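Let me begin by presenting the structure, written as structure tokens, before commenting on it.
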Amino acid sequence: MDFNSLDAQREACESYINSQISQGWGTLPEHYDDGGFTGGNMDRPAFQRLMADIEAGKIEKVVVCKVDRMSRSLMDFVRIMETFEKYNVSFVSVTQSFDTGTSILEKPSGPQLF
């Protein structure tokens, strides 16, 4: 199969994960890519496998290229984040500043404006 957008997104995520190896991060051999399925709902085979593996305790972090790769529905996204919280799974978006595994208190801050 030719190199495509899903391959590029996975490559970006793997590069990010590899940059975090000193923090104990690593990739899984399993791919959770739902090529050809819309992110507008959660009825996607790979997404369902991902959620089952989260519930089974196999996953600590979910890394995506962009938040909308997980879901394009805000309501679904909230439900997903509730599940992640229940199972202590962090969510990271590589191209957006979004990492639920890092406390706001740990992030460097700029000037405080009041």
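So you can find residues: chains in the structure tokens are A, B, ... in the order shown, residues in each start at 1, and ligands are numbered from 1 in order.
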task = Can you pull out every residue within 10 Å of stretch 10-22 of chain A, counting only C-alpha atoms, but drop anything in the same chain fewer than 2 positions away, and send it as an MDAnalysis selection string?
result = chainID A and resid 5:8 24:28 31:33 62:66 92:95
task = Could you tell me which of A:Gly35, A:Pro29, A:Gly101, A:Pro45 comes closest to A:Lys58 if we count only C-alpha atoms?
result = A:Pro29
message = Applying 6 Å and only C-alpha atoms, which residues near A:Ser71 remain after dropping the ones on its own chain fewer than 3 positions away? List them as a ChimeraX atom specification.
response = /A:39,68,77
Point-to-point distance from atom CA of A:Gly36 to atom CA of A:Glu55, Å rounded to tenths = 24.9 Å
query = Do you have the atom CA of A:Arg72-atom CA of A:Glu30 distance handy?
reply =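 Interatomic distance here is 22.8 Å.
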query = Hey, what does DSSP flag as strand (DSSP E) within chain A? Can you give it to me as a list in words?
reply =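 DSSP on the backbone gives strand (DSSP E) at Lys61, Val62, Val63, Val64, Ser90, Phe91, Val92, Ser93, Phe98 and Asp99 of chain A.
We find atom CA of A:Asp43 and atom CA of A:Ile80 to be spaced 12.7 Å apart.
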task = Choose the residue, out of A:Val78, A:Asn88, A:Ile59, A:Met70, that has the smallest atom-to-atom separation from A:Phe47; count only C-alpha atoms.
result =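 Selected residue with least distance to A:Phe47: A:Met70.
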query = Taking into account only C-alpha atoms, which residue in the set A:Gly40, A:Ser90, A:Ala46, A:Arg69 is nearest to A:Gln9?
reply = A:Arg69
message = Could you list, as a ChimeraX atom specification, every residue within 10 Å of A:Glu85, counting only C-alpha atoms and ignoring same-chain residues fewer than 6 positions away?
response = /A:79,91,100
